[in-house]
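Note sheet for the following structure.
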Amino acid sequence: MKSSRSLALVSLFAALMAVFGLIPKIDLPLGVPITLQTLGVMLAGCMLGPKRGFQAILLFLGAVALGLPLLSGGRGGLGVFMAPSTGYLIGWPFGAFVTGWMMNLLPGASPRGAAISAFIASALGGLLTVHAFGVVGLVKMANLTWAQAFFGTLVFVPGDLIKCVLCAMVVHTVARGVPDWHFGGRVLK
Amino acid sequence: MGSLYSEHLTWLHRVPAAIKLIFFAVLGALQFLLDSGAVLGASALACTLLFASLGRATYPARKLVLSILLAGLLIMAFHSWMQQPMLGLVSALRLFSASLLGIALTVTTRTRDLLSVFERVLSPLQHVGIRTERLALQLAMMLRFTEHFFVVWKRLDDAHRIRTGKAGGLRILAPLTIKMLISARRVADTLELRLGE
């Protein structure tokens, strides 16, 4: 893939993450907020593949570290990387990588097939991987035990499962609207 | 896209970005090596005084400080509930101090100065084929398109509201993504002409 195309895609998906931060979070009745930025992680992996998805989220986090208030709720700066949620933030680029990697491996010839693959890839990358990092972060930063951190992170799983479904729906629509788009970075090789 | 940087000049604005970054990184890391409640308490007091010395420059980050205080209180409450109040206090003090240092750096250092430090730090990666000189271009493109896509999101939302009388919400996510992918292709073609690769 040409360098300019890669540059544009990485920057634009980092921008999508920033836009998701500007959109107010949705509060579910059970009190678990849905911020759209984890959905951005899943979409970056599904649309760009492992390498570019990883780069896009890393670029976004770099902008946050530089002081831009791009995380939901207008948070930014190095201070946000020293909070209990640090593990989740560090897990984002790895989540995008795993999502992209799985999307690349799973079949996606038809829109329905791409949507099912996107759901599985998002659940493994955007959910399992990110939460694994999140649990480590809770243990290291908030001094919780592994069991406490594990049960703590479970609270966010229903919201994240909804995001996996949303990601699959978006992939389904994109597969129909932009039929020559190759998910999981297949075209980027 | 506004930054958390404050134009209200303070003594910390005059310290070079690289020195602040090294100093705060070392101090922040030290917080995580200490376990003594008394030492961490003294450290939190010192960090609070440093932060307070910045006066009005800290105003853009007030919400952030409040959210950190709240997170600290929640951690303390949780550990107290688990019969470990001292552990809660130590964790909260550690996070509070490290976060205040990070915020102090952010409000007193221009984004471009930090970017130039990061570019210098990352420059050895050029030997393994990573083009760090493009970081500034990527960042600029990202910020430009953040505003652009937010406007597109609002337009799609308005159009949906006119059609149905309800906010678009997550229903406009797919059309936004399609518009974005098409824009990405157009921008890539333009860049290809400019950069020649």
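Convention: chains lettered A, B, ... in structure tokens order; per-chain residue numbering from 1; ligands numbered from 1 as shown.
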Give one line per residue of chain A that approaches chain B to at most 8 Å, naming the two atoms of the closest pair and their distance in Å to one decimal, counting only C-alpha atoms; sort by chain then ascending residue number and deliver it as CSV.
```
residue,atom,partner,partner_atom,distance
A:Lys2,CA,B:Glu197,CA,6.1
A:Ser3,CA,B:Glu197,CA,6.0
A:Ser4,CA,B:Glu192,CA,5.3
A:Arg5,CA,B:Ala188,CA,4.5
A:Ser6,CA,B:Ala188,CA,7.8
A:Leu7,CA,B:Gln138,CA,6.8
A:Ala8,CA,B:Ala188,CA,5.3
A:Leu9,CA,B:Ala184,CA,5.8
A:Val10,CA,B:Gln138,CA,7.9
A:Ser11,CA,B:Met142,CA,4.8
A:Leu12,CA,B:Met142,CA,5.9
A:Ala14,CA,B:Met142,CA,6.1
A:Ala15,CA,B:Thr146,CA,4.6
A:Leu16,CA,B:Thr146,CA,6.6
A:Ala18,CA,B:Thr146,CA,6.1
A:Val19,CA,B:Thr146,CA,5.7
A:Leu22,CA,B:Phe150,CA,7.9
A:Leu59,CA,B:Leu139,CA,7.3
A:Ala63,CA,B:Leu139,CA,7.0
A:Leu66,CA,B:Thr111,CA,5.6
A:Gly67,CA,B:Thr106,CA,5.3
A:Leu68,CA,B:Ser3,CA,4.6
A:Pro69,CA,B:Ser3,CA,6.3
A:Arg75,CA,B:Leu64,CA,6.3
A:Gly76,CA,B:Leu4,CA,7.4
A:Gly77,CA,B:Thr106,CA,5.5
A:Leu78,CA,B:Gly102,CA,4.7
A:Gly79,CA,B:Ser99,CA,4.1
A:Val80,CA,B:Ser99,CA,6.9
A:Phe81,CA,B:Ser99,CA,7.9
A:Met82,CA,B:Ser99,CA,5.6
A:Ala83,CA,B:Leu95,CA,6.1
A:Pro84,CA,B:Ala71,CA,7.7
A:Met141,CA,B:Ser91,CA,7.2
A:Ala142,CA,B:Ser91,CA,5.8
A:Asn143,CA,B:Ser91,CA,6.5
A:Met169,CA,B:Ala174,CA,7.7
A:Val170,CA,B:Ala174,CA,4.8
A:Val171,CA,B:Ala174,CA,7.8
A:Thr173,CA,B:Ala174,CA,6.2
A:Val174,CA,B:Ile178,CA,6.0
A:Gly177,CA,B:Ile178,CA,7.0
A:Val178,CA,B:Ile178,CA,7.1
```
For range 126-138 of chain A, work out the shell of residues within 10 Å, counting only C-alpha atoms and skipping chain neighbours fewer than 6 positions away, then give it as an mmCIF file with C-alpha atoms, in the first residue's frame.
```
data_model
loop_
_atom_site.group_PDB
_atom_site.id
_atom_site.type_symbol
_atom_site.label_atom_id
_atom_site.label_comp_id
_atom_site.auth_asym_id
_atom_site.auth_seq_id
_atom_site.Cartn_x
_atom_site.Cartn_y
_atom_site.Cartn_z
ATOM 1 C CA THR A 38 -13.948 1.793 22.388
ATOM 2 C CA LEU A 39 -16.147 1.417 19.319
ATOM 3 C CA GLY A 40 -13.536 3.521 17.477
ATOM 4 C CA VAL A 41 -10.887 0.972 18.526
ATOM 5 C CA MET A 42 -13.008 -1.861 17.097
ATOM 6 C CA LEU A 43 -13.749 0.012 13.864
ATOM 7 C CA ALA A 44 -10.092 0.958 13.348
ATOM 8 C CA GLY A 45 -9.102 -2.714 13.580
ATOM 9 C CA MET A 82 -1.780 7.977 35.622
ATOM 10 C CA ALA A 83 -5.334 7.059 36.530
ATOM 11 C CA PRO A 84 -7.075 3.737 37.303
ATOM 12 C CA SER A 85 -8.270 3.604 33.667
ATOM 13 C CA THR A 86 -4.683 3.721 32.305
ATOM 14 C CA GLY A 87 -4.701 -0.003 31.526
ATOM 15 C CA TYR A 88 -7.723 0.410 29.254
ATOM 16 C CA LEU A 89 -6.049 3.289 27.372
ATOM 17 C CA ILE A 90 -2.823 1.307 26.890
ATOM 18 C CA GLY A 91 -4.948 -1.652 25.791
ATOM 19 C CA TRP A 92 -6.662 0.319 23.011
ATOM 20 C CA PRO A 93 -3.903 0.055 20.347
ATOM 21 C CA PHE A 94 -3.400 -3.623 21.164
ATOM 22 C CA GLY A 95 -7.171 -4.114 21.002
ATOM 23 C CA ALA A 96 -7.212 -2.529 17.530
ATOM 24 C CA PHE A 97 -4.294 -4.776 16.526
ATOM 25 C CA VAL A 98 -6.024 -7.986 17.647
ATOM 26 C CA THR A 99 -9.332 -6.883 16.071
ATOM 27 C CA GLY A 100 -7.597 -6.190 12.761
ATOM 28 C CA PHE A 119 -18.502 -9.117 15.764
ATOM 29 C CA ILE A 120 -16.090 -11.968 16.625
ATOM 30 C CA LEU A 144 -7.004 -3.945 43.577
ATOM 31 C CA THR A 145 -6.584 -7.709 43.803
ATOM 32 C CA TRP A 146 -6.880 -9.689 40.544
ATOM 33 C CA ALA A 147 -10.308 -10.978 41.576
ATOM 34 C CA GLN A 148 -11.579 -7.497 42.486
ATOM 35 C CA ALA A 149 -10.265 -6.047 39.208
ATOM 36 C CA PHE A 150 -11.787 -8.903 37.207
ATOM 37 C CA PHE A 151 -15.240 -8.466 38.750
ATOM 38 C CA GLY A 152 -14.882 -4.688 38.462
ATOM 39 C CA THR A 153 -14.261 -4.854 34.716
ATOM 40 C CA LEU A 154 -17.248 -7.182 34.193
ATOM 41 C CA PHE A 156 -18.460 -2.724 31.489
ATOM 42 C CA VAL A 157 -18.884 -5.912 29.463
ATOM 43 C CA GLY A 159 -21.918 -1.997 27.159
ATOM 44 C CA ASP A 160 -18.943 -3.300 25.208
ATOM 45 C CA LEU A 161 -20.970 -6.198 23.806
ATOM 46 C CA LYS A 163 -20.486 -1.866 20.842
ATOM 47 C CA CYS A 164 -19.423 -5.159 19.196
#
```
